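Visitor: Below you'll find query24.cif; it's mmCIF, C-alpha atoms (C1' of nucleotides).
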data_start
#
loop_
_atom_site.group_PDB
_atom_site.id
_atom_site.type_symbol
_atom_site.label_atom_id
_atom_site.label_comp_id
_atom_site.auth_asym_id
_atom_site.auth_seq_id
_atom_site.Cartn_x
_atom_site.Cartn_y
_atom_site.Cartn_z
ATOM 1 C CA MET Y 1414 52.602 -58.540 -12.067
ATOM 2 C CA LYS Y 1415 53.245 -56.045 -14.874
ATOM 3 C CA ARG Y 1416 50.961 -53.509 -13.244
ATOM 4 C CA ARG Y 1417 52.425 -54.075 -9.791
ATOM 5 C CA LEU Y 1418 55.974 -53.625 -11.005
ATOM 6 C CA ASN Y 1419 55.069 -50.497 -12.927
ATOM 7 C CA LEU Y 1420 53.227 -49.126 -9.914
ATOM 8 C CA ILE Y 1421 56.296 -49.644 -7.734
ATOM 9 C CA TYR Y 1422 58.418 -47.816 -10.246
ATOM 10 C CA LYS Y 1423 56.033 -44.881 -10.208
ATOM 11 C CA LYS Y 1424 56.006 -44.761 -6.433
ATOM 12 C CA LEU Y 1425 59.769 -44.876 -6.205
ATOM 13 C CA HIS Y 1426 60.245 -42.335 -8.936
ATOM 14 C CA SER Y 1427 57.852 -39.863 -7.355
ATOM 15 C CA ARG Y 1428 59.480 -40.422 -3.950
ATOM 16 C CA PHE Y 1429 63.147 -40.233 -4.974
ATOM 17 C CA GLY Y 1430 63.144 -38.615 -8.400
ATOM 18 C CA PRO Y 1431 65.401 -39.548 -11.312
ATOM 19 C CA GLN Y 1432 68.710 -41.087 -10.277
ATOM 20 C CA TYR Y 1433 70.849 -40.630 -13.413
ATOM 21 C CA TRP Y 1434 73.097 -43.632 -12.722
ATOM 22 C CA TRP Y 1435 75.894 -44.748 -12.906
ATOM 23 C CA PRO Y 1436 78.006 -42.238 -10.966
ATOM 24 C CA GLY Y 1437 80.979 -42.331 -13.351
ATOM 25 C CA ASP Y 1438 82.354 -40.067 -16.068
ATOM 26 C CA THR Y 1439 83.132 -42.637 -18.769
ATOM 27 C CA PRO Y 1440 82.060 -46.186 -19.653
ATOM 28 C CA PHE Y 1441 85.504 -47.419 -18.648
ATOM 29 C CA GLU Y 1442 85.219 -45.792 -15.252
ATOM 30 C CA VAL Y 1443 81.845 -47.486 -14.813
ATOM 31 C CA MET Y 1444 83.396 -50.858 -15.625
ATOM 32 C CA ILE Y 1445 86.152 -50.402 -13.064
ATOM 33 C CA GLY Y 1446 83.632 -49.145 -10.510
ATOM 34 C CA ALA Y 1447 81.441 -52.195 -11.097
ATOM 35 C CA ILE Y 1448 84.267 -54.476 -9.994
ATOM 36 C CA LEU Y 1449 85.414 -52.269 -7.126
ATOM 37 C CA THR Y 1450 81.943 -51.963 -5.636
ATOM 38 C CA GLN Y 1451 81.496 -55.700 -5.134
ATOM 39 C CA ASN Y 1452 80.122 -56.062 -1.589
ATOM 40 C CA THR Y 1453 81.433 -52.596 -0.793
ATOM 41 C CA ASN Y 1454 80.065 -49.188 0.110
ATOM 42 C CA TRP Y 1455 80.207 -46.809 -2.844
ATOM 43 C CA LEU Y 1456 81.942 -44.073 -0.830
ATOM 44 C CA ASN Y 1457 84.934 -46.365 -0.418
ATOM 45 C CA VAL Y 1458 84.920 -47.121 -4.129
ATOM 46 C CA GLU Y 1459 85.034 -43.403 -4.911
ATOM 47 C CA LYS Y 1460 88.162 -43.030 -2.831
ATOM 48 C CA ALA Y 1461 89.817 -45.813 -4.805
ATOM 49 C CA ILE Y 1462 88.768 -44.326 -8.150
ATOM 50 C CA ASP Y 1463 89.947 -40.889 -7.034
ATOM 51 C CA ASN Y 1464 93.359 -42.401 -6.366
ATOM 52 C CA LEU Y 1465 93.497 -43.813 -9.889
ATOM 53 C CA LYS Y 1466 92.431 -40.473 -11.329
ATOM 54 C CA LYS Y 1467 94.902 -38.545 -9.210
ATOM 55 C CA TYR Y 1468 97.796 -40.400 -10.840
ATOM 56 C CA LYS Y 1469 96.103 -40.358 -14.248
ATOM 57 C CA LEU Y 1470 95.984 -44.142 -14.341
ATOM 58 C CA LEU Y 1471 92.331 -44.618 -15.233
ATOM 59 C CA ALA Y 1472 93.033 -46.127 -18.645
ATOM 60 C CA PRO Y 1473 93.091 -49.806 -19.672
ATOM 61 C CA ASP Y 1474 96.736 -50.067 -20.727
ATOM 62 C CA LYS Y 1475 98.032 -48.018 -17.812
ATOM 63 C CA LEU Y 1476 96.135 -50.003 -15.211
ATOM 64 C CA TYR Y 1477 97.103 -53.293 -16.791
ATOM 65 C CA LYS Y 1478 100.785 -52.423 -16.688
ATOM 66 C CA LEU Y 1479 100.776 -51.648 -12.962
ATOM 67 C CA SER Y 1480 102.303 -54.173 -10.593
ATOM 68 C CA HIS Y 1481 99.894 -56.065 -8.382
ATOM 69 C CA ARG Y 1482 101.339 -54.339 -5.330
ATOM 70 C CA ARG Y 1483 100.939 -50.839 -6.760
ATOM 71 C CA LEU Y 1484 97.417 -51.449 -8.016
ATOM 72 C CA ALA Y 1485 96.347 -53.047 -4.742
ATOM 73 C CA LEU Y 1486 97.723 -50.107 -2.787
ATOM 74 C CA LEU Y 1487 95.855 -47.599 -4.955
ATOM 75 C CA ILE Y 1488 92.503 -49.340 -4.606
ATOM 76 C CA ARG Y 1489 93.008 -50.149 -0.931
ATOM 77 C CA PRO Y 1490 90.151 -47.941 0.322
ATOM 78 C CA ALA Y 1491 87.664 -50.098 -1.601
ATOM 79 C CA GLY Y 1492 88.476 -53.105 0.570
ATOM 80 C CA TYR Y 1493 89.341 -56.657 -0.568
ATOM 81 C CA TYR Y 1494 92.146 -54.902 -2.355
ATOM 82 C CA ASN Y 1495 94.256 -57.951 -3.147
ATOM 83 C CA ILE Y 1496 91.447 -59.916 -4.699
ATOM 84 C CA LYS Y 1497 90.052 -56.880 -6.489
ATOM 85 C CA ALA Y 1498 93.457 -56.076 -7.950
ATOM 86 C CA LYS Y 1499 93.439 -59.580 -9.422
ATOM 87 C CA ARG Y 1500 89.898 -59.178 -10.706
ATOM 88 C CA LEU Y 1501 90.693 -55.859 -12.322
ATOM 89 C CA LYS Y 1502 93.716 -57.386 -14.005
ATOM 90 C CA SER Y 1503 91.757 -60.337 -15.345
ATOM 91 C CA PHE Y 1504 89.084 -58.014 -16.704
ATOM 92 C CA LEU Y 1505 91.654 -55.681 -18.253
ATOM 93 C CA LYS Y 1506 93.397 -58.617 -19.893
ATOM 94 C CA PHE Y 1507 90.094 -59.670 -21.446
ATOM 95 C CA PHE Y 1508 89.164 -56.115 -22.436
ATOM 96 C CA ILE Y 1509 92.507 -55.386 -24.071
ATOM 97 C CA LYS Y 1510 92.906 -58.770 -25.741
ATOM 98 C CA HIS Y 1511 89.422 -58.916 -27.260
ATOM 99 C CA TYR Y 1512 88.513 -55.269 -27.702
ATOM 100 C CA ASP Y 1513 91.799 -53.427 -27.725
ATOM 101 C CA GLY Y 1514 90.721 -51.640 -24.534
ATOM 102 C CA ASN Y 1515 88.174 -49.771 -26.622
ATOM 103 C CA VAL Y 1516 84.513 -49.665 -25.595
ATOM 104 C CA GLU Y 1517 83.438 -48.762 -29.136
ATOM 105 C CA LYS Y 1518 84.683 -52.109 -30.389
ATOM 106 C CA MET Y 1519 82.107 -53.887 -28.248
ATOM 107 C CA SER Y 1520 79.283 -52.201 -30.115
ATOM 108 C CA GLY Y 1521 78.792 -54.931 -32.709
ATOM 109 C CA ILE Y 1522 78.508 -57.756 -30.196
ATOM 110 C CA VAL Y 1523 75.003 -58.885 -29.271
ATOM 111 C CA THR Y 1524 74.182 -58.497 -25.618
ATOM 112 C CA SER Y 1525 73.787 -62.185 -24.793
ATOM 113 C CA SER Y 1526 77.198 -63.026 -26.281
ATOM 114 C CA LEU Y 1527 78.840 -60.143 -24.490
ATOM 115 C CA ARG Y 1528 77.273 -61.283 -21.233
ATOM 116 C CA GLN Y 1529 78.678 -64.787 -21.697
ATOM 117 C CA GLN Y 1530 82.108 -63.347 -22.410
ATOM 118 C CA LEU Y 1531 82.039 -61.170 -19.319
ATOM 119 C CA LEU Y 1532 80.884 -64.058 -17.135
ATOM 120 C CA SER Y 1533 83.855 -66.119 -18.315
ATOM 121 C CA VAL Y 1534 86.230 -63.579 -16.775
ATOM 122 C CA LYS Y 1535 87.403 -64.613 -13.301
ATOM 123 C CA GLY Y 1536 86.008 -62.143 -10.809
ATOM 124 C CA ILE Y 1537 83.017 -61.089 -12.881
ATOM 125 C CA GLY Y 1538 79.762 -62.659 -11.769
ATOM 126 C CA PRO Y 1539 76.192 -61.950 -12.894
ATOM 127 C CA GLU Y 1540 75.734 -58.636 -11.106
ATOM 128 C CA THR Y 1541 79.046 -57.188 -12.218
ATOM 129 C CA ALA Y 1542 78.511 -58.375 -15.797
ATOM 130 C CA ASP Y 1543 75.024 -56.911 -15.911
ATOM 131 C CA SER Y 1544 76.146 -53.644 -14.322
ATOM 132 C CA ILE Y 1545 78.735 -53.285 -17.053
ATOM 133 C CA LEU Y 1546 76.204 -54.139 -19.758
ATOM 134 C CA LEU Y 1547 73.550 -51.748 -18.485
ATOM 135 C CA TYR Y 1548 75.473 -48.871 -17.007
ATOM 136 C CA ALA Y 1549 78.613 -48.812 -19.145
ATOM 137 C CA LEU Y 1550 77.265 -50.110 -22.448
ATOM 138 C CA ASN Y 1551 73.636 -49.029 -22.251
ATOM 139 C CA ARG Y 1552 72.280 -52.508 -22.984
ATOM 140 C CA PRO Y 1553 68.752 -53.392 -21.807
ATOM 141 C CA ILE Y 1554 69.662 -55.796 -18.989
ATOM 142 C CA PHE Y 1555 68.158 -55.613 -15.510
ATOM 143 C CA VAL Y 1556 70.715 -55.602 -12.699
ATOM 144 C CA VAL Y 1557 69.875 -57.573 -9.580
ATOM 145 C CA ASP Y 1558 71.694 -56.886 -6.341
ATOM 146 C CA ALA Y 1559 71.294 -57.617 -2.651
ATOM 147 C CA TYR Y 1560 68.908 -54.685 -2.220
ATOM 148 C CA THR Y 1561 66.732 -55.832 -5.099
ATOM 149 C CA LYS Y 1562 66.337 -59.329 -3.699
ATOM 150 C CA ARG Y 1563 65.783 -58.097 -0.166
ATOM 151 C CA ILE Y 1564 63.088 -55.627 -1.183
ATOM 152 C CA LEU Y 1565 61.304 -58.060 -3.473
ATOM 153 C CA SER Y 1566 61.287 -60.928 -1.018
ATOM 154 C CA ARG Y 1567 60.216 -58.641 1.814
ATOM 155 C CA HIS Y 1568 57.251 -57.519 -0.247
ATOM 156 C CA HIS Y 1569 56.566 -61.119 -1.299
ATOM 157 C CA PHE Y 1570 57.246 -60.711 -5.004
ATOM 158 C CA ILE Y 1571 59.758 -63.551 -4.803
ATOM 159 C CA GLY Y 1572 60.655 -66.196 -2.270
ATOM 160 C CA GLY Y 1573 63.543 -65.571 0.082
ATOM 161 C CA ASP Y 1574 65.526 -68.255 -1.722
ATOM 162 C CA ALA Y 1575 65.045 -66.870 -5.253
ATOM 163 C CA GLY Y 1576 68.290 -66.799 -7.202
ATOM 164 C CA TYR Y 1577 69.752 -64.175 -9.496
ATOM 165 C CA ASP Y 1578 68.230 -65.333 -12.774
ATOM 166 C CA LYS Y 1579 64.773 -65.829 -11.349
ATOM 167 C CA THR Y 1580 64.777 -62.339 -9.867
ATOM 168 C CA GLN Y 1581 66.118 -60.816 -13.058
ATOM 169 C CA ASN Y 1582 63.496 -62.590 -15.157
ATOM 170 C CA LEU Y 1583 60.725 -61.149 -13.031
ATOM 171 C CA PHE Y 1584 61.679 -57.683 -14.233
ATOM 172 C CA MET Y 1585 62.735 -58.501 -17.752
ATOM 173 C CA LYS Y 1586 59.600 -60.470 -18.569
ATOM 174 C CA ASN Y 1587 57.208 -57.979 -17.037
ATOM 175 C CA LEU Y 1588 58.669 -54.593 -17.887
ATOM 176 C CA LYS Y 1589 58.896 -52.896 -21.239
ATOM 177 C CA SER Y 1590 62.482 -53.618 -22.264
ATOM 178 C CA GLY Y 1591 64.742 -50.595 -22.334
ATOM 179 C CA ALA Y 1592 68.069 -49.501 -20.882
ATOM 180 C CA LYS Y 1593 66.665 -46.223 -19.624
ATOM 181 C CA LEU Y 1594 63.875 -47.823 -17.580
ATOM 182 C CA PHE Y 1595 66.086 -50.657 -16.269
ATOM 183 C CA ASN Y 1596 68.727 -48.117 -15.316
ATOM 184 C CA GLU Y 1597 66.386 -45.908 -13.302
ATOM 185 C CA TYR Y 1598 64.463 -48.801 -11.799
ATOM 186 C CA HIS Y 1599 67.486 -50.532 -10.359
ATOM 187 C CA ALA Y 1600 68.982 -47.278 -9.105
ATOM 188 C CA LEU Y 1601 65.701 -46.458 -7.383
ATOM 189 C CA LEU Y 1602 65.615 -49.872 -5.699
ATOM 190 C CA VAL Y 1603 69.099 -49.255 -4.347
ATOM 191 C CA GLU Y 1604 68.043 -45.844 -3.087
ATOM 192 C CA LEU Y 1605 65.053 -47.404 -1.359
ATOM 193 C CA GLY Y 1606 67.235 -50.128 0.087
ATOM 194 C CA LYS Y 1607 69.744 -47.686 1.493
ATOM 195 C CA GLU Y 1608 67.101 -45.597 3.152
ATOM 196 C CA PHE Y 1609 64.422 -48.018 4.279
ATOM 197 C CA CYS Y 1610 65.248 -51.664 3.935
ATOM 198 C CA LEU Y 1611 68.293 -52.112 6.133
ATOM 199 C CA LYS Y 1612 68.935 -55.592 7.456
ATOM 200 C CA ASN Y 1613 68.355 -54.566 11.036
ATOM 201 C CA LYS Y 1614 64.927 -53.219 10.220
ATOM 202 C CA PRO Y 1615 63.059 -56.237 8.842
ATOM 203 C CA LYS Y 1616 59.742 -54.475 9.237
ATOM 204 C CA CYS Y 1617 59.707 -50.997 7.877
ATOM 205 C CA ASP Y 1618 56.481 -49.191 8.625
ATOM 206 C CA ILE Y 1619 57.332 -46.133 6.590
ATOM 207 C CA CYS Y 1620 58.392 -47.963 3.444
ATOM 208 C CA PRO Y 1621 57.122 -45.928 0.449
ATOM 209 C CA LEU Y 1622 56.022 -49.173 -1.201
ATOM 210 C CA ARG Y 1623 53.503 -49.990 1.482
ATOM 211 C "C1'" DG U 1186 82.792 -52.033 19.295
ATOM 212 C "C1'" DA U 1187 79.298 -54.036 16.358
ATOM 213 C "C1'" DC U 1188 77.240 -53.867 12.119
ATOM 214 C "C1'" DC U 1189 76.982 -53.018 7.353
ATOM 215 C "C1'" DA U 1190 78.181 -52.246 2.383
ATOM 216 C "C1'" DG U 1191 75.509 -51.858 -5.240
ATOM 217 C "C1'" DG U 1192 79.820 -60.135 -4.905
ATOM 218 C "C1'" DC U 1193 82.583 -63.737 -6.239
ATOM 219 C "C1'" DA U 1194 85.327 -68.004 -6.286
ATOM 220 C "C1'" DC U 1195 86.341 -71.975 -4.137
ATOM 221 C "C1'" DA U 1196 86.054 -75.992 -0.817
ATOM 222 C "C1'" DT U 1197 83.254 -79.326 1.048
ATOM 223 C "C1'" DC U 1198 79.409 -82.200 1.675
ATOM 224 C "C1'" DG C 891 72.915 -78.429 -6.032
ATOM 225 C "C1'" DA C 892 73.158 -76.324 -1.515
ATOM 226 C "C1'" DT C 893 75.887 -74.389 2.077
ATOM 227 C "C1'" DG C 894 79.957 -72.236 4.289
ATOM 228 C "C1'" DT C 895 84.055 -69.332 4.104
ATOM 229 C "C1'" DG C 896 87.706 -65.883 2.907
ATOM 230 C "C1'" DC C 897 88.410 -61.525 1.217
ATOM 231 C "C1'" DA C 898 89.063 -55.801 4.075
ATOM 232 C "C1'" DT C 899 88.267 -50.963 4.228
ATOM 233 C "C1'" DG C 900 85.700 -47.055 6.152
ATOM 234 C "C1'" DG C 901 81.158 -44.966 7.691
ATOM 235 C "C1'" DT C 902 77.431 -45.050 11.149
#
Written as structure tokens, that's how I'd like the structure from this file.

Guide:
Amino acid sequence: MKRRLNLIYKKLHSRFGPQYWWPGDTPFEVMIGAILTQNTNWLNVEKAIDNLKKYKLLAPDKLYKLSHRRLALLIRPAGYYNIKAKRLKSFLKFFIKHYDGNVEKMSGIVTSSLRQQLLSVKGIGPETADSILLYALNRPIFVVDAYTKRILSRHHFIGGDAGYDKTQNLFMKNLKSGAKLFNEYHALLVELGKEFCLKNKPKCDICPLR
DNA sequence: GACCAGGCACATC
DNA sequence: GATGTGCATGGT
């Protein structure tokens, strides 16, 4: 399994090149993006983040002080705007209360504890928590998303019913642990998913992994 | 107009 | 523990 997973990485990397994720300027922006992109096309998320930037509101205290209505309106392009406004608020409350809205203050917390804390926030599930850990905080955690599961089950690495933890363990137990590799690997899987593994094309004859 | 997108919480069985 | 449902915009 180790060799197979490393081989896939090599194939993807030579096909797509380095991805340099996450598309965000600061760790805080990555955190906000991680919540906004839940079940949503990234282009729509960018529109929402651009709105926040336009009014210079992309800061923990400023966002937290906004009314629900105002925040929801600003992030409207990202879809599910009412529920995401709530989720952003609950995350911001946690982030400000425990870490003073300062990413640096998370640095002393071990990854597993931080993950538990994030998962306790309403609106943050495993993928969002792990995206924050890996892409905002540079922790060696593998992010699993819909593309990852789809690709792996389609190539029979996992069963179609494999859950989040099982899929994540496959990578974390078989790859050399490191934020850089996990970062690129997941980004490459998403790139592959976008281009070749769409739902309406269950059999993809030109998949680079074949 | 149909389908899809870098999930999650909650209700129900 | 598994399964179903609501949440919503914008691109293809």

Visitor: Which residues of chain Y sit at most 12 Å from chain C, using only C-alpha atoms (C1' of nucleotides)? Give each one's shortest atom pair and distance in Å (one decimal place), in chain and ascending residue order, as a tab-separated table.

Guide:
residue	atom	partner	partner_atom	distance
Y:Leu1449	CA	C:DT899	C1'	11.8
Y:Thr1450	CA	C:DT899	C1'	11.8
Y:Gln1451	CA	C:DC897	C1'	11.0
Y:Asn1452	CA	C:DC897	C1'	10.3
Y:Thr1453	CA	C:DT899	C1'	8.6
Y:Asn1454	CA	C:DG900	C1'	8.5
Y:Trp1455	CA	C:DG900	C1'	10.5
Y:Leu1456	CA	C:DG900	C1'	8.5
Y:Asn1457	CA	C:DG900	C1'	6.7
Y:Val1458	CA	C:DT899	C1'	9.8
Y:Glu1459	CA	C:DG900	C1'	11.7
Y:Lys1460	CA	C:DG900	C1'	10.1
Y:Ala1461	CA	C:DT899	C1'	10.5
Y:Ala1485	CA	C:DA898	C1'	11.8
Y:Leu1486	CA	C:DT899	C1'	11.8
Y:Ile1488	CA	C:DT899	C1'	9.9
Y:Arg1489	CA	C:DT899	C1'	7.1
Y:Pro1490	CA	C:DT899	C1'	5.3
Y:Ala1491	CA	C:DT899	C1'	5.9
Y:Gly1492	CA	C:DT899	C1'	4.2
Y:Tyr1493	CA	C:DA898	C1'	4.7
Y:Tyr1494	CA	C:DA898	C1'	7.2
Y:Asn1495	CA	C:DC897	C1'	8.1
Y:Ile1496	CA	C:DC897	C1'	6.8
Y:Lys1497	CA	C:DC897	C1'	9.1
Y:Ala1498	CA	C:DC897	C1'	11.8
Y:Lys1499	CA	C:DC897	C1'	11.9
Y:Asp1574	CA	C:DA892	C1'	11.1

Visitor: Find the residues in chain Y near chain U: any atom within 9 Å counts, using only C-alpha atoms (C1' of nucleotides). Write them as number ranges by chain.

Guide: Y: 1447-1448, 1450-1455, 1535-1541, 1558-1560, 1600, 1603, 1611-1613

Visitor: Tell me which of Y:Lys1415, Y:Leu1505, Y:Lys1475, Y:Lys1424 sits closest to Arg1623 (chain Y), counting all atoms listed in the file.

Guide: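 With all atoms listed in the file as the atom set, the closest residue is Y:Lys1424.
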
Visitor: Evaluating the PyMOL selection byres ((chain Y and resi 1591-1594) around 7) on the displayed file yields which residues, as a ChimeraX atom specification?

Guide: /Y:1547,1551-1554,1589-1590,1595-1598

Visitor: Mind checking which residues fall within 10 Å of region 1519-1528 of chain Y, counting only C-alpha atoms (C1' of nucleotides), ignoring those fewer than 2 positions away in the same chain, and posting them as a VMD selection string?

Guide: chain Y and resid 1508 1511 to 1517 1530 to 1533 1538 to 1539 1542 to 1543 1545 to 1547 1550 1552 to 1554

Visitor: Quick check, in Å to one decimal: how far apart do CA of Leu1605 (chain Y) and CA of Arg1563 (chain Y) lie?

Guide: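 Between these atoms lies a distance of 10.8 Å.
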
Visitor: Rank nothing, just name the residue among Y:Met1585, Y:Ile1445, Y:Cys1610, Y:Leu1420 nearest to Arg1500 (chain Y), using all atoms listed in the file.

Guide: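 Using all atoms listed in the file, Arg1500 (chain Y) sits closest to Y:Ile1445.
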
Visitor: Which value, in Å to one decimal, gives the distance between CA of Leu1565 (chain Y) and CA of His1599 (chain Y)?

Guide: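 Going from CA of Leu1565 (chain Y) over to CA of His1599 (chain Y) covers 11.9 Å.
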